[in-house]
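Chemist: model.pdb (PDB, C-alpha atoms) pasted underneath:
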```
ATOM      1  CA  MET A  11      30.325  12.119  40.550
ATOM      2  CA  THR A  12      32.940   9.377  40.399
ATOM      3  CA  LEU A  13      33.188   9.803  36.643
ATOM      4  CA  CYS A  14      33.907  13.508  37.216
ATOM      5  CA  THR A  15      36.649  12.922  39.796
ATOM      6  CA  CYS A  16      38.169  10.155  37.637
ATOM      7  CA  LEU A  17      38.116  12.480  34.609
ATOM      8  CA  VAL A  18      40.060  15.081  36.587
ATOM      9  CA  ALA A  19      42.579  12.458  37.672
ATOM     10  CA  GLY A  20      42.782  11.036  34.157
ATOM     11  CA  ALA A  21      43.293  14.460  32.595
ATOM     12  CA  GLN A  22      46.276  15.202  34.836
ATOM     13  CA  PHE A  23      47.738  11.762  34.067
ATOM     14  CA  ALA A  24      47.344  12.485  30.342
ATOM     15  CA  VAL A  25      49.114  15.845  30.663
ATOM     16  CA  ALA A  26      51.822  14.319  32.848
ATOM     17  CA  PHE A  27      52.346  11.501  30.330
ATOM     18  CA  ALA A  28      52.708  14.033  27.505
ATOM     19  CA  ASN A  29      55.288  15.939  29.564
ATOM     20  CA  ASN A  30      57.209  12.817  30.678
ATOM     21  CA  GLN A  31      56.066  13.197  34.283
ATOM     22  CA  ALA A  32      54.602  10.640  36.674
ATOM     23  CA  VAL A  33      52.098  13.138  38.118
ATOM     24  CA  SER A  34      51.100  16.733  37.416
ATOM     25  CA  VAL A  35      49.765  18.183  40.655
ATOM     26  CA  ASP A  36      49.201  21.599  39.061
ATOM     27  CA  GLU A  37      47.058  20.043  36.316
ATOM     28  CA  PHE A  38      45.175  18.035  38.943
ATOM     29  CA  VAL A  39      44.186  21.230  40.780
ATOM     30  CA  ARG A  40      43.383  22.976  37.498
ATOM     31  CA  GLY A  41      41.191  20.051  36.455
ATOM     32  CA  PHE A  42      38.604  20.783  39.127
ATOM     33  CA  THR A  43      38.136  24.305  37.805
ATOM     34  CA  LEU A  44      37.640  22.862  34.319
ATOM     35  CA  LEU A  45      34.605  20.923  35.576
ATOM     36  CA  TYR A  46      32.585  24.152  35.455
ATOM     37  CA  ARG A  47      34.718  26.361  33.196
ATOM     38  CA  GLU A  48      35.480  24.063  30.263
ATOM     39  CA  PRO A  49      34.313  20.449  30.796
ATOM     40  CA  SER A  50      35.300  19.423  27.267
ATOM     41  CA  ALA A  51      38.964  19.938  28.231
ATOM     42  CA  LEU A  52      38.651  16.917  30.513
ATOM     43  CA  LEU A  53      37.902  14.528  27.650
ATOM     44  CA  ASN A  54      41.540  13.476  27.463
ATOM     45  CA  GLY A  55      40.945  11.920  30.887
ATOM     46  CA  LEU A  56      38.420   9.460  29.445
ATOM     47  CA  PRO A  57      40.889   6.593  28.756
ATOM     48  CA  PHE A  58      41.936   6.555  32.413
ATOM     49  CA  ALA A  59      38.429   7.111  33.801
ATOM     50  CA  ILE A  60      36.662   4.523  31.648
ATOM     51  CA  THR A  61      39.377   1.908  32.189
ATOM     52  CA  LEU A  62      39.433   2.343  35.952
ATOM     53  CA  MET A  63      35.653   2.405  36.365
ATOM     54  CA  THR A  64      35.331  -0.684  34.153
ATOM     55  CA  ILE A  65      37.807  -2.588  36.333
ATOM     56  CA  LEU A  66      36.026  -1.514  39.525
ATOM     57  CA  LEU A  67      32.613  -2.353  38.065
ATOM     58  CA  ALA A  68      33.855  -5.787  36.928
ATOM     59  CA  HIS A  69      35.146  -6.431  40.454
ATOM     60  CA  GLU A  70      31.818  -5.567  42.067
ATOM     61  CA  LEU A  71      29.762  -7.427  39.463
ATOM     62  CA  GLY A  72      31.857 -10.494  40.242
ATOM     63  CA  HIS A  73      30.584 -10.245  43.818
ATOM     64  CA  PHE A  74      27.078  -9.414  42.604
ATOM     65  CA  PHE A  75      26.666 -12.459  40.369
ATOM     66  CA  ALA A  76      28.270 -14.772  42.948
ATOM     67  CA  CYS A  77      25.680 -13.545  45.440
ATOM     68  CA  HIS A  78      22.943 -14.078  42.854
ATOM     69  CA  HIS A  79      24.198 -17.634  42.252
ATOM     70  CA  HIS A  80      23.948 -18.422  45.974
ATOM     71  CA  HIS A  81      20.576 -16.644  46.389
ATOM     72  CA  ILE A  82      22.039 -13.865  48.529
ATOM     73  CA  ARG A  83      20.202 -10.570  48.173
ATOM     74  CA  THR A  84      22.420  -7.576  47.481
ATOM     75  CA  THR A  85      22.387  -4.019  46.189
ATOM     76  CA  TYR A  86      23.762  -2.923  42.849
ATOM     77  CA  PRO A  87      27.338  -1.540  42.912
ATOM     78  CA  PHE A  88      28.009   1.920  44.320
ATOM     79  CA  PHE A  89      31.033   3.977  43.234
ATOM     80  CA  ILE A  90      32.845   6.249  45.696
ATOM     81  CA  PRO A  91      34.076   9.578  44.260
ATOM     82  CA  ALA A  92      37.205  11.113  45.751
ATOM     83  CA  PRO A  93      39.124  14.305  44.903
ATOM     84  CA  THR A  94      42.443  12.437  44.939
ATOM     85  CA  LEU A  95      45.176  11.774  42.391
ATOM     86  CA  ILE A  96      43.531   8.444  41.499
ATOM     87  CA  GLY A  97      39.997   9.830  41.387
ATOM     88  CA  THR A  98      38.102   7.345  43.553
ATOM     89  CA  PHE A  99      38.015   5.316  46.749
ATOM     90  CA  GLY A 100      36.701   2.321  44.823
ATOM     91  CA  ALA A 101      33.261   0.741  44.755
ATOM     92  CA  PHE A 102      31.178  -1.596  46.894
ATOM     93  CA  ILE A 103      27.957  -3.567  47.171
ATOM     94  CA  LEU A 104      25.841  -4.171  50.267
ATOM     95  CA  LEU A 105      24.633  -7.648  51.220
ATOM     96  CA  ARG A 106      20.960  -7.757  52.204
ATOM     97  CA  SER A 107      20.867 -11.375  53.416
ATOM     98  CA  PRO A 108      23.359 -13.610  55.252
ATOM     99  CA  ILE A 109      25.953 -15.942  53.750
ATOM    100  CA  ARG A 110      25.012 -19.364  55.082
ATOM    101  CA  ASN A 111      27.889 -21.692  54.161
ATOM    102  CA  THR A 112      31.649 -21.581  53.655
ATOM    103  CA  ARG A 113      31.493 -22.361  49.941
ATOM    104  CA  ALA A 114      29.228 -19.395  49.317
ATOM    105  CA  LEU A 115      31.523 -17.283  51.527
ATOM    106  CA  PHE A 116      34.508 -18.244  49.387
ATOM    107  CA  ASP A 117      32.708 -17.671  46.092
ATOM    108  CA  VAL A 118      31.469 -14.234  47.135
ATOM    109  CA  GLY A 119      34.880 -13.202  48.489
ATOM    110  CA  ALA A 120      37.015 -14.512  45.626
ATOM    111  CA  SER A 121      34.837 -13.642  42.637
ATOM    112  CA  GLY A 122      35.444  -9.880  42.792
ATOM    113  CA  PRO A 123      39.258  -9.942  42.915
ATOM    114  CA  PHE A 124      39.415 -12.670  40.258
ATOM    115  CA  VAL A 125      37.253 -10.790  37.773
ATOM    116  CA  GLY A 126      38.815  -7.408  38.527
ATOM    117  CA  PHE A 127      42.307  -8.857  38.068
ATOM    118  CA  LEU A 128      41.352 -10.411  34.713
ATOM    119  CA  PHE A 129      40.052  -7.047  33.491
ATOM    120  CA  ALA A 130      43.102  -5.156  34.776
ATOM    121  CA  ILE A 131      45.770  -7.322  33.114
ATOM    122  CA  PRO A 132      44.996  -6.407  29.454
ATOM    123  CA  ALA A 133      44.919  -2.714  30.397
ATOM    124  CA  LEU A 134      48.234  -3.067  32.208
ATOM    125  CA  VAL A 135      49.793  -4.824  29.201
ATOM    126  CA  TYR A 136      48.608  -1.973  26.958
ATOM    127  CA  GLY A 137      49.986   0.570  29.423
ATOM    128  CA  VAL A 138      53.382  -1.126  29.512
ATOM    129  CA  VAL A 139      53.580  -1.620  25.728
ATOM    130  CA  ASP A 140      52.753   2.062  25.148
ATOM    131  CA  ALA A 141      54.868   3.282  28.071
ATOM    132  CA  LYS A 142      57.649   5.820  27.777
ATOM    133  CA  ILE A 143      61.172   5.236  29.049
ATOM    134  CA  VAL A 144      62.096   8.261  31.157
ATOM    135  CA  PRO A 145      65.471   8.050  32.970
ATOM    136  CA  GLY A 146      65.335   9.535  36.468
ATOM    137  CA  LEU A 147      61.532   9.341  36.607
ATOM    138  CA  THR A 148      61.561   8.592  40.336
ATOM    139  CA  ASN A 149      64.326  11.045  41.197
ATOM    140  CA  SER A 150      63.173  12.949  44.284
ATOM    141  CA  SER A 151      64.500  16.228  42.868
ATOM    142  CA  ASN A 152      62.231  15.960  39.815
ATOM    143  CA  VAL A 153      58.893  14.612  41.078
ATOM    144  CA  ASP A 154      56.354  15.176  43.850
ATOM    145  CA  VAL A 155      54.896  11.653  43.930
ATOM    146  CA  VAL A 156      56.422   8.245  43.225
ATOM    147  CA  PHE A 157      54.231   5.261  42.380
ATOM    148  CA  GLY A 158      55.364   1.791  43.417
ATOM    149  CA  ALA A 159      55.623  -1.172  41.080
ATOM    150  CA  PRO A 160      53.772  -4.398  41.936
ATOM    151  CA  LEU A 161      55.374  -7.717  41.064
ATOM    152  CA  ILE A 162      53.096  -8.212  38.029
ATOM    153  CA  LEU A 163      54.268  -4.868  36.609
ATOM    154  CA  ARG A 164      57.904  -5.806  37.163
ATOM    155  CA  LEU A 165      57.383  -9.117  35.350
ATOM    156  CA  LEU A 166      55.622  -7.502  32.390
ATOM    157  CA  SER A 167      58.257  -4.764  32.213
ATOM    158  CA  ALA A 168      61.049  -7.356  32.091
ATOM    159  CA  ILE A 169      59.272  -9.200  29.251
ATOM    160  CA  ILE A 170      58.194  -6.205  27.153
ATOM    161  CA  HIS A 171      61.114  -3.845  27.882
ATOM    162  CA  PRO A 172      64.050  -6.113  28.770
ATOM    163  CA  GLY A 173      66.958  -4.343  30.367
ATOM    164  CA  VAL A 174      64.940  -1.228  31.229
ATOM    165  CA  PRO A 175      64.563  -0.536  34.982
ATOM    166  CA  VAL A 176      60.895  -0.508  35.927
ATOM    167  CA  ASP A 177      61.494   2.781  37.798
ATOM    168  CA  ASN A 178      62.185   4.425  34.427
ATOM    169  CA  LEU A 179      58.911   3.250  32.913
ATOM    170  CA  LEU A 180      56.190   5.906  32.576
ATOM    171  CA  LEU A 181      52.888   4.099  32.138
ATOM    172  CA  HIS A 182      50.263   5.253  29.662
ATOM    173  CA  PRO A 183      47.152   6.550  31.521
ATOM    174  CA  VAL A 184      45.324   3.313  30.640
ATOM    175  CA  GLY A 185      48.136   1.412  32.338
ATOM    176  CA  ARG A 186      47.969   3.758  35.319
ATOM    177  CA  ALA A 187      44.239   2.970  35.626
ATOM    178  CA  ALA A 188      45.159  -0.718  35.648
ATOM    179  CA  TRP A 189      47.742   0.057  38.347
ATOM    180  CA  VAL A 190      45.000   1.607  40.487
ATOM    181  CA  GLY A 191      42.811  -1.437  39.870
ATOM    182  CA  LEU A 192      45.607  -3.775  40.972
ATOM    183  CA  PHE A 193      46.235  -1.609  44.029
ATOM    184  CA  ALA A 194      42.546  -1.878  44.946
ATOM    185  CA  THR A 195      42.693  -5.647  44.386
ATOM    186  CA  ALA A 196      45.642  -5.976  46.765
ATOM    187  CA  LEU A 197      43.867  -3.941  49.452
ATOM    188  CA  ASN A 198      40.705  -6.013  49.071
ATOM    189  CA  LEU A 199      42.699  -9.242  49.325
ATOM    190  CA  LEU A 200      44.254  -8.330  52.682
ATOM    191  CA  PRO A 201      43.334 -11.462  54.689
ATOM    192  CA  SER A 202      41.513  -9.759  57.504
ATOM    193  CA  GLY A 203      38.066  -8.918  58.782
ATOM    194  CA  GLN A 204      35.293  -8.635  56.220
ATOM    195  CA  LEU A 205      37.554  -7.763  53.284
ATOM    196  CA  ASP A 206      37.527 -10.125  50.316
ATOM    197  CA  GLY A 207      40.745 -11.724  51.530
ATOM    198  CA  GLY A 208      39.193 -12.105  54.966
ATOM    199  CA  HIS A 209      36.205 -13.952  53.472
ATOM    200  CA  ILE A 210      38.537 -16.259  51.567
ATOM    201  CA  LEU A 211      40.704 -17.048  54.601
ATOM    202  CA  ARG A 212      37.660 -17.514  56.851
ATOM    203  CA  SER A 213      36.198 -20.011  54.381
ATOM    204  CA  VAL A 214      39.476 -21.966  54.488
ATOM    205  CA  SER A 215      40.080 -21.761  58.251
ATOM    206  CA  ALA A 216      38.087 -19.743  60.785
ATOM    207  CA  ARG A 217      40.902 -20.086  63.334
ATOM    208  CA  SER A 218      43.526 -18.736  60.915
ATOM    209  CA  HIS A 219      41.180 -15.879  60.078
ATOM    210  CA  ARG A 220      40.964 -14.858  63.751
ATOM    211  CA  ILE A 221      44.749 -15.017  64.216
ATOM    212  CA  VAL A 222      45.628 -13.133  61.030
ATOM    213  CA  SER A 223      42.953 -10.497  61.659
ATOM    214  CA  THR A 224      44.663  -9.800  64.995
ATOM    215  CA  LEU A 225      48.232  -9.721  63.674
ATOM    216  CA  LEU A 226      47.756  -7.938  60.347
ATOM    217  CA  PRO A 227      47.108  -4.431  61.766
ATOM    218  CA  VAL A 228      50.429  -4.735  63.644
ATOM    219  CA  LEU A 229      52.245  -5.741  60.453
ATOM    220  CA  LEU A 230      50.731  -2.792  58.589
ATOM    221  CA  LEU A 231      51.844  -0.454  61.373
ATOM    222  CA  LEU A 232      55.372  -1.792  60.970
ATOM    223  CA  LEU A 233      55.216  -1.131  57.226
ATOM    224  CA  GLY A 234      54.242   2.444  57.998
ATOM    225  CA  LEU A 235      56.985   2.810  60.607
ATOM    226  CA  PHE A 236      59.590   1.691  58.095
ATOM    227  CA  ARG A 237      58.312   4.534  55.881
ATOM    228  CA  HIS A 238      57.063   2.329  53.101
ATOM    229  CA  TRP A 239      53.726   4.226  52.979
ATOM    230  CA  SER A 240      52.017   6.377  55.599
ATOM    231  CA  GLY A 241      48.623   5.150  54.382
ATOM    232  CA  TRP A 242      49.274   1.851  56.147
ATOM    233  CA  TYR A 243      48.529   3.640  59.432
ATOM    234  CA  ILE A 244      44.981   4.292  58.212
ATOM    235  CA  TRP A 245      44.544   0.717  57.060
ATOM    236  CA  ALA A 246      45.907  -0.626  60.334
ATOM    237  CA  ALA A 247      43.384   1.493  62.262
ATOM    238  CA  LEU A 248      40.579   0.442  59.910
ATOM    239  CA  LEU A 249      41.337  -3.273  60.241
ATOM    240  CA  PHE A 250      41.726  -2.940  64.000
ATOM    241  CA  GLY A 251      38.328  -1.278  64.191
ATOM    242  CA  LEU A 252      36.707  -3.964  62.041
ATOM    243  CA  ARG A 253      37.618  -6.541  64.688
ATOM    244  CA  PHE A 254      34.983  -5.000  66.952
ATOM    245  CA  LEU A 255      32.218  -5.404  64.378
ATOM    246  CA  ARG A 256      30.164  -8.563  64.679
ATOM    247  CA  SER A 257      30.577 -10.965  61.777
ATOM    248  CA  ALA A 258      27.478 -12.857  60.726
ATOM    249  CA  PRO A 259      27.740 -16.545  61.686
ATOM    250  CA  ILE A 260      28.252 -19.204  59.029
ATOM    251  CA  TYR A 261      25.671 -21.903  59.708
ATOM    252  CA  ASP A 262      27.096 -24.571  57.402
ATOM    253  CA  THR A 263      30.864 -24.958  57.859
ATOM    254  CA  ILE A 264      31.322 -27.709  55.282
ATOM    255  CA  PRO A 265      35.006 -27.751  54.167
ATOM    256  CA  LEU A 266      35.904 -26.320  50.783
ATOM    257  CA  ASP A 267      36.200 -28.767  47.909
ATOM    258  CA  PRO A 268      39.616 -29.250  46.206
ATOM    259  CA  ARG A 269      38.686 -26.897  43.341
ATOM    260  CA  ARG A 270      37.973 -24.024  45.732
ATOM    261  CA  ARG A 271      41.109 -24.766  47.770
ATOM    262  CA  PHE A 272      43.142 -24.467  44.582
ATOM    263  CA  ALA A 273      41.345 -21.202  43.810
ATOM    264  CA  ALA A 274      42.268 -19.973  47.304
ATOM    265  CA  ALA A 275      45.925 -20.576  46.442
ATOM    266  CA  VAL A 276      45.390 -18.626  43.195
ATOM    267  CA  ALA A 277      43.894 -15.765  45.237
ATOM    268  CA  LEU A 278      47.066 -15.718  47.360
ATOM    269  CA  LEU A 279      49.158 -15.597  44.173
ATOM    270  CA  ILE A 280      47.101 -12.672  42.858
ATOM    271  CA  PHE A 281      47.608 -10.861  46.158
ATOM    272  CA  LEU A 282      51.381 -11.344  45.934
ATOM    273  CA  LEU A 283      51.404 -10.150  42.311
ATOM    274  CA  CYS A 284      49.469  -6.983  43.198
ATOM    275  CA  PHE A 285      50.769  -6.072  46.657
ATOM    276  CA  MET A 286      53.200  -3.164  47.075
ATOM    277  CA  PRO A 287      54.897  -2.325  50.397
ATOM    278  CA  ALA A 288      55.215   1.282  49.153
ATOM    279  CA  PRO A 289      52.373   1.962  46.681
ATOM    280  CA  ILE A 290      52.531   5.762  46.815
ATOM    281  CA  LEU A 291      55.307   7.897  48.221
ATOM    282  CA  ASN A 292      55.136  11.651  48.665
ATOM    283  CA  ILE A 293      58.612  13.084  48.203
TER     284      ILE A 293
END
```
Can you give me the file's structure in the form of C-alpha cells?
Modeler:
Amino acid sequence: MTLCTCLVAGAQFAVAFANNQAVSVDEFVRGFTLLYREPSALLNGLPFAITLMTILLAHELGHFFACHHHHIRTTYPFFIPAPTLIGTFGAFILLRSPIRNTRALFDVGASGPFVGFLFAIPALVYGVVDAKIVPGLTNSSNVDVVFGAPLILRLLSAIIHPGVPVDNLLLHPVGRAAWVGLFATALNLLPSGQLDGGHILRSVSARSHRIVSTLLPVLLLLLGLFRHWSGWYIWAALLFGLRFLRSAPIYDTIPLDPRRRFAAAVALLIFLLCFMPAPILNI
C-alpha cells in the first residue's frame, strides 16, 4: 500500500519536474485514478518511491540491528501509507522487550537517524546535480505549495550551483525523496519523549530529557504561531500527549563512553542540518 501511495506521489513529482513546477496537485489527484485505470502510467514515479522507501527502510533497519545487537526483541519494519503529496507517514518498528541500559538506549535511538541520513545524502546530491534552475519557483502567484530548504540542501546548492538561490532550485524527484527522508530524520531527532532524539538525550541526561520534553511542545507552538508551518501544532499536541505515556525504566544508568558522547554531538549536527522551521507551506 505504501508503494502505491509513494508511486502516486512520485508520478506527480515527475510530471511537475518535467513542467518546471514544484508540485502538480492536479496530477496528484489524477494519480489515484490511475491506480485502477492505468497502473503502468505510474511507473515514472518509481525513482521517487524506491528512493524514499529505501531511505525509510535503512532508517528502521538501523534500529532493528541495534536492537538485535543488544538482544532486544523487536518486530520487522512496518511502512505507513498516506494519500499525501509525499506518499507516506514513514515507517516504524515495535520493541518487544525493554531497553535495560543507557548505552543500548543510545545505540537504538541513534542508529536509525545515522543510517537513514547516510542513505539520503547520495540521493540528495544526485537530486541537486540533476536539478533545474527555475526563477520564481517559490513565487506565491505561480505555485500552490512551497517546500523549505534544510541547511544541508543550502550547503550542497552553494557548492554545486554557486550563485544560484536555493529557492530557484527544482530538485529531481530522487532529490525530493531525499528531502522527505531528511525531513523525517529531523522529526525523529526532535529531543523529546520516545522519539529517536528523545532516546539520545535521555541516554545523555535524564534530567535534560525531562526539561526539554516539557519545553519543546511550547517551542513548536511558537513556530506554528509565527506561521512557519501549521503542522507544528500537530507535533506540539503529539509531543505533549507523549508526556503522559509511561516510559520504561532504564535499570543500568551507566554513563555513556566518550565515543557515544561524540556520536551524540554528531546526532545534534545531523538534526541541525536537516531541520526546517518551515518545511511545507501552503500558499
Chemist: Report as a list in words all protein, DNA and RNA residues lying within 7 Å of segment 63-71 of chain A, evaluated on all atoms listed in the file, omitting residues in the same chain fewer than 6 positions from it.
Modeler: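 That gives Pro87, Gly100, Ala101, Phe102, Ile103, Gly122, Pro123, Val125, Gly126, Phe129, Ala130 and Gly191 of chain A.
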Chemist: Determine the residue membership of the PyMOL selection byres ((chain A and resi 260) around 6) for the file above and supply it as a PyMOL selection string.
Modeler: chain A and resi 110-111+259+261-262
Chemist: For Asp267 of chain A, list every protein, DNA or RNA residue within 12 Å, evaluated using only C-alpha atoms, and leave out those in the same chain fewer than 3 positions away; present the list as an MDAnalysis selection string.
Modeler: chainID A and resid 112:114 116:117 213:214 263:264 270:274
Chemist: Here's the selection I'm unsure about, the PyMOL selection byres ((chain A and resi 33) around 8); applied to the file above, which residues does it give, as a PyMOL selection string?
Modeler: chain A and resi 22-23+26-27+31-32+34-35+153-155
Chemist: What would the selection look like, as a list of chain:residue names, if the PyMOL selection byres ((chain A and resi 254) around 12) were run on the coordinates I just shared?
Modeler: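 Applied to this file, the PyMOL selection byres ((chain A and resi 254) around 12) selects A:Gly203, A:Gln204, A:Arg220, A:Ser223, A:Thr224, A:Ala247, A:Leu248, A:Leu249, A:Phe250, A:Gly251, A:Leu252, A:Arg253, A:Leu255, A:Arg256, A:Ser257.
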Chemist: Neighbours of segment 134-145 of chain A within 12 Å (all atoms listed in the file; same-chain residues fewer than 6 positions away dropped), as a VMD selection string?
Modeler: chain A and resid 26 to 32 57 to 58 61 to 62 65 127 to 128 152 159 to 160 162 to 192 284
Chemist: My list of candidates is A:Thr195, A:Asn149, A:Ser107, A:Thr84. Which is closest to Leu279 of chain A when distances are computed with only C-alpha atoms?
Modeler: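 The closest residue to Leu279 of chain A is A:Thr195.
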Chemist: For atom CA of Ala76 of chain A and atom CA of Gly207 of chain A, determine how far apart the two atoms are, in Å to one decimal place.
Modeler: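 Computing it gives 15.4 Å between the two atoms.
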Chemist: When distances are computed from all atoms listed in the file, which of A:Leu226, A:Ile210, A:Leu53, A:Ile280 shows the smallest separation from Phe193 of chain A?
Modeler: A:Ile280
Chemist: Please, what distance in Å, to one decimal, runs between atom CA of Pro132 of chain A and atom CA of Leu161 of chain A?
Modeler: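 These atoms are spaced 15.6 Å apart.
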Chemist: Atom CA of Cys14 of chain A to atom CA of Leu45 of chain A: how many Å, to one decimal?
Modeler: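 Those two atoms sit 7.6 Å apart.
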Chemist: Box for segment 250-264 of chain A - axis-aligned, 6 Å on each of the six sides, all listed atoms - centre and size in Å to one decimal, as AutoDock Vina command-line options.
Modeler:
```
--center_x 33.7 --center_y -14.5 --center_z 61.1 --size_x 28.1 --size_y 38.4 --size_z 23.7
```
Chemist: Quick one: residues within 12 Å of Arg106 of chain A, only C-alpha atoms, excluding same-chain residues fewer than 2 positions away - as a list in words?
Modeler: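 After dropping sequence-adjacent residues, the list is Phe74, Cys77, His78, His81, Ile82, Arg83, Thr84, Thr85, Tyr86, Ile103, Leu104, Pro108, Ile109 and Ala258 of chain A.
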Chemist: Write a file of the just-selected residues containing C-alpha atoms, as an mmCIF file, in the coordinates of the input.
Modeler:
```cif
data_model
loop_
_atom_site.group_PDB
_atom_site.id
_atom_site.type_symbol
_atom_site.label_atom_id
_atom_site.label_comp_id
_atom_site.auth_asym_id
_atom_site.auth_seq_id
_atom_site.Cartn_x
_atom_site.Cartn_y
_atom_site.Cartn_z
ATOM 1 C CA PHE A 74 27.078 -9.414 42.604
ATOM 2 C CA CYS A 77 25.680 -13.545 45.440
ATOM 3 C CA HIS A 78 22.943 -14.078 42.854
ATOM 4 C CA HIS A 81 20.576 -16.644 46.389
ATOM 5 C CA ILE A 82 22.039 -13.865 48.529
ATOM 6 C CA ARG A 83 20.202 -10.570 48.173
ATOM 7 C CA THR A 84 22.420 -7.576 47.481
ATOM 8 C CA THR A 85 22.387 -4.019 46.189
ATOM 9 C CA TYR A 86 23.762 -2.923 42.849
ATOM 10 C CA ILE A 103 27.957 -3.567 47.171
ATOM 11 C CA LEU A 104 25.841 -4.171 50.267
ATOM 12 C CA PRO A 108 23.359 -13.610 55.252
ATOM 13 C CA ILE A 109 25.953 -15.942 53.750
ATOM 14 C CA ALA A 258 27.478 -12.857 60.726
#
```
Chemist: Which residue is closest to His73 of chain A? Choose from A:Glu37, A:Leu13, A:Leu44, A:Asp206 and count all atoms listed in the file.
Modeler: A:Asp206
Chemist: May I ask which of the residues A:Met286, A:Leu229, A:Ala59, A:Ile131 is the closest one to Gly158 of chain A, counting all atoms listed in the file?
Modeler: A:Met286
